[in-house]
Amino acid sequence: MNYAKIAVSEVTFWVDRPYDYAVPDSMADAIAPGMRVIVPFGRGNRKAEGIVLSVSDRSDYDAPKAITALLDEQSVLTPEQIRLALWMRERFFCTVYEAVKAILPAGLWFTGDGKRRASDKLAEYAALEISGEEALALAEQKSGRAKMQSAVLRLLATVGSAAVSDLRAMTGASRATINALAEEGALSFFHREVFRRPDYRRAERSDALPELTPEQQRAYDGLSALMSQGKAGGALLQGVTGSGKTVVYIHLIDRVLRAGRSVIMLVPEIALTPQMLETFSSYFGEQIAVLHSSLSVPERYDEWKRVRSGEARLVIGTRSAIFAPTQQLGLIIIDEEQEESYKSENAPRYHAKDVAKYRCAADGALLLLGSATPDVTSRYQAETGRYAYFVLPKRYNRMVLPEVRIVDMKRELRAGNGSSISSFLRNELEQNLDRGEQSILFLNRRGTAKLVSCVDCGYHFQCPNCSVHLTYHSGNRRLMCHVCGFSMPLADRCPDCGGTLKFSGDGTEKVETLLQELFPGVGVLRVDTDTVSAAGGHEPLFSRFRDENIPIMVGTQMVAKGLNFENVTLVGVLLADQSLYSGDYRAGERSFSLMTQVIGRSGRAQRKGRAIIQTFTPENPIIRFAAQQDYEAFYQREMEMRQMQRCPPFAQLVSLTVIGTDELEILRACQRIRDLLRHSLKGFERIDLLGPAPYPVVKAAGRYRYRLTLRGGEDAQVRAIVTKLLNYCNREREFRGISVYADRNPLE
């Protein structure tokens, strides 16, 4: 009798462990690690899905239950992926099955009626059953009385086999005509799998790689030398915006592919994928596979299969592409590595960089982090020698960086201008319009007005489910919550006193309207969550901006990174103060990165670029560093602050978030957790226990959220204490109705 250790899908973190199950004799020859099964679980023996972790001839139990059914004909997880899932459980405080769900594509999972969400697509093919010479001779015989049959035979004599649909399209033959040839024995039918490929803009194939500048050549040579060592390594490539980091990537990828190994390249947002794909397709063609959440389930499933089979060896995608089942992984590139989108907000709460480090260590691959504004932790690791460090200090085409002007919006107010567009920015926009050049305005807030209030009684509209104000959207005259999605129509007067309503805090929708009033008849394109959803994605909007030469684009952070528009010579940053004072220790870094990145969209071709930062605090050092595009000065100041605060990279953070519908019960639970942690951490030096503290948005979708934070060493002992605490909170009755989860170095 064989036994399988199985991770079960329906368990919570506190009871998650490998469970022993007996393998029926009928399955003994078919079962293997990495297959999914159905097993009876719990006292009621309810059906549960599981993943086989290992198979052996021994069990720790006398009479384990038996597996009910096999769900897969072959393993869907490799042994390496099983080890990855087990590592994720320990590292990110998730269940093994939550990790498996992140690793496998959605198309492999099942619907409620037991069917796979994506099935294999098969196309019918016709192939000759006679030689090409015989087919041509038969075609000649039929050329008079059966011209369509003759055309089919001539085509197949050339290609050997073809899809039936292609045969009909290319020759005009009917299905009956093709069937008649099969009845004669001239051809036969078979089925072949067809991959559903995502549609993206492909460039013409180029045989020559782009030429490297001397700075790029030095970076490439150093990185190439690291890969030649044949062991895992890490490197940071820091280059100013427009320095040509992508060119270095292309040369490195070409080297790895020619060596027969695979590459994963991550980008932070789906919006950046189309431009990246268009560029890379000219050099790597059909070797590319695309993985991101905007693909249909069947497309994502088929791209995953192409990677697993080895047909595609260059994977380009967003965060989840880090789990692509590549063969002989040689290189992982994380572009714009400082971006927060690489961190998952749901279980498993992994960071793509952590998973990338694990995979590179397992496969002896190189991890390359690229950015104009690196995460300060990555920069510190490069400074201390944990990463190799390479710099591209100049723009690729020798163009100078944009000239940046800071505009004090307090002066604009005193001059009677209360709008979001300063007089200086308006004049610069007019100059760009006269020259036929394009402009980008960045404001990281969508909608028309952030706050709608009554001028008489002070009433303001707040979400009934969340502790945030409702944002007004003039397009549909509705108030909307950007946290839970609640919406309601806007009343004409105050619902409390009937007074007049006041609109405060401009968003992208309001700025779009203002621009149309300032420049009548001038095209303005808005890019935010609302317009992207309506357009069916980012690419149609960006293509319109480029191809139609629309004069002005206004958008949220979707327009801030990675985009390359040759005719953009002016960038305006509206309300630069918005993200500076959020209370998060990363606020300064986040603001500096966003401003620097969006400034870098200007002047990327032959024309000199300009940028304008509008702010109410022009003396703020973060804004001045961004205007000077001085990362080193920002980094030195930020490291001083981090060291004083004992924040990463000088200490690790582990947060425990407590969620529930009763705020008083949540606070009591936090007090109890704090007492338990204090007791467990006795004897640990340099570990601080902070909180409980409310989230920035304490109430979201009807649930209150508070957090305690462990600040200090993040080692196996601390993880064990947190795991034990999570098990306790999930098991004890005093925490009934309350959810508790842990997160390493949270970003919120």
# chains A, B, ... in the order shown; residues from 1 in each chain; ligands from 1
call {"tool": "residues_around", "arguments": {"residues": "Glu403 (chain A)", "least_positions_apart": "4", "cutoff": "7 Å", "atoms": "only C-alpha atoms", "output": "compact mmCIF listing (two decimals) with C-alpha atoms, in the first residue's frame"}}
result
# COMPACT_ATOMS: atom_id res chain seq x y z
CA GLY A 609 12.09 68.51 -22.34
CA ARG A 610 10.64 70.68 -19.56
CA ALA A 611 8.75 69.82 -16.39
call {"tool": "atom_distance", "arguments": {"atom1": "CA of Met35 (chain A)", "atom2": "CA of Ile82 (chain A)"}}
result
10.5 Å
call {"tool": "residues_around", "arguments": {"residues": "Leu277 (chain A)", "least_positions_apart": "2", "cutoff": "9 Å", "atoms": "only C-alpha atoms", "output": "short mmCIF file (atom, residue, chain, number, x, y, z; two decimals) with C-alpha atoms, in the first residue's frame"}}
result
data_model
loop_
_atom_site.label_atom_id
_atom_site.label_comp_id
_atom_site.auth_asym_id
_atom_site.auth_seq_id
_atom_site.Cartn_x
_atom_site.Cartn_y
_atom_site.Cartn_z
CA TYR A 200 -0.49 42.72 -29.14
CA ARG A 201 1.32 45.05 -31.49
CA ARG A 202 4.28 43.20 -33.02
CA ALA A 203 7.23 45.03 -34.54
CA LEU A 272 3.71 49.03 -19.67
CA THR A 273 3.38 45.58 -21.21
CA PRO A 274 2.26 46.55 -24.76
CA GLN A 275 5.19 48.91 -25.41
CA THR A 279 10.01 46.43 -28.61
CA PHE A 280 11.03 42.90 -27.63
CA SER A 281 9.03 41.14 -30.36
CA SER A 282 11.34 42.61 -33.02
CA ILE A 288 7.90 35.49 -26.01
CA VAL A 290 2.87 37.07 -22.02
CA ILE A 316 7.12 39.10 -19.97
#
call {"tool": "residues_around", "arguments": {"residues": "Val37 (chain A)", "least_positions_apart": "3", "cutoff": "7 Å", "atoms": "only C-alpha atoms", "output": "compact mmCIF listing (two decimals) with all heavy atoms, in the first residue's frame"}}
result
# COMPACT_ATOMS: atom_id res chain seq x y z
N GLU A 49 -10.50 19.38 -2.21
CA GLU A 49 -9.42 19.26 -3.19
C GLU A 49 -8.08 19.27 -2.47
O GLU A 49 -7.93 19.90 -1.42
CB GLU A 49 -9.51 20.43 -4.16
CG GLU A 49 -8.75 20.25 -5.44
CD GLU A 49 -9.03 21.39 -6.42
OE1 GLU A 49 -10.16 21.49 -6.91
OE2 GLU A 49 -8.10 22.17 -6.66
N GLY A 50 -7.11 18.57 -3.02
CA GLY A 50 -5.79 18.55 -2.42
C GLY A 50 -4.72 18.43 -3.47
O GLY A 50 -5.00 18.11 -4.63
N ILE A 51 -3.49 18.72 -3.08
CA ILE A 51 -2.34 18.59 -3.98
C ILE A 51 -1.37 17.58 -3.36
O ILE A 51 -1.05 17.66 -2.17
CB ILE A 51 -1.65 19.95 -4.23
CG1 ILE A 51 -0.61 19.83 -5.34
CG2 ILE A 51 -1.03 20.52 -2.99
CD1 ILE A 51 -1.15 20.04 -6.72
N ALA A 69 -10.47 10.50 -5.71
CA ALA A 69 -10.35 10.62 -7.18
C ALA A 69 -9.12 11.43 -7.54
O ALA A 69 -8.65 12.27 -6.77
CB ALA A 69 -11.60 11.29 -7.75
N LEU A 70 -8.59 11.16 -8.74
CA LEU A 70 -7.51 11.96 -9.33
C LEU A 70 -8.12 13.01 -10.24
O LEU A 70 -9.02 12.70 -11.02
CB LEU A 70 -6.57 11.08 -10.15
CG LEU A 70 -5.56 10.21 -9.40
CD1 LEU A 70 -4.82 9.32 -10.39
CD2 LEU A 70 -4.58 11.07 -8.64
N LEU A 71 -7.64 14.24 -10.15
CA LEU A 71 -8.16 15.31 -10.99
C LEU A 71 -7.28 15.60 -12.20
O LEU A 71 -7.73 16.23 -13.14
CB LEU A 71 -8.31 16.60 -10.16
CG LEU A 71 -9.34 16.56 -9.04
CD1 LEU A 71 -9.34 17.87 -8.26
CD2 LEU A 71 -10.74 16.28 -9.59
call {"tool": "residues_around", "arguments": {"residues": "Gly447 (chain A)", "least_positions_apart": "5", "cutoff": "12 Å", "atoms": "only C-alpha atoms", "output": "VMD selection string"}}
result
chain A and resid 452 470 to 482 503 to 513 526 to 531 555 to 556
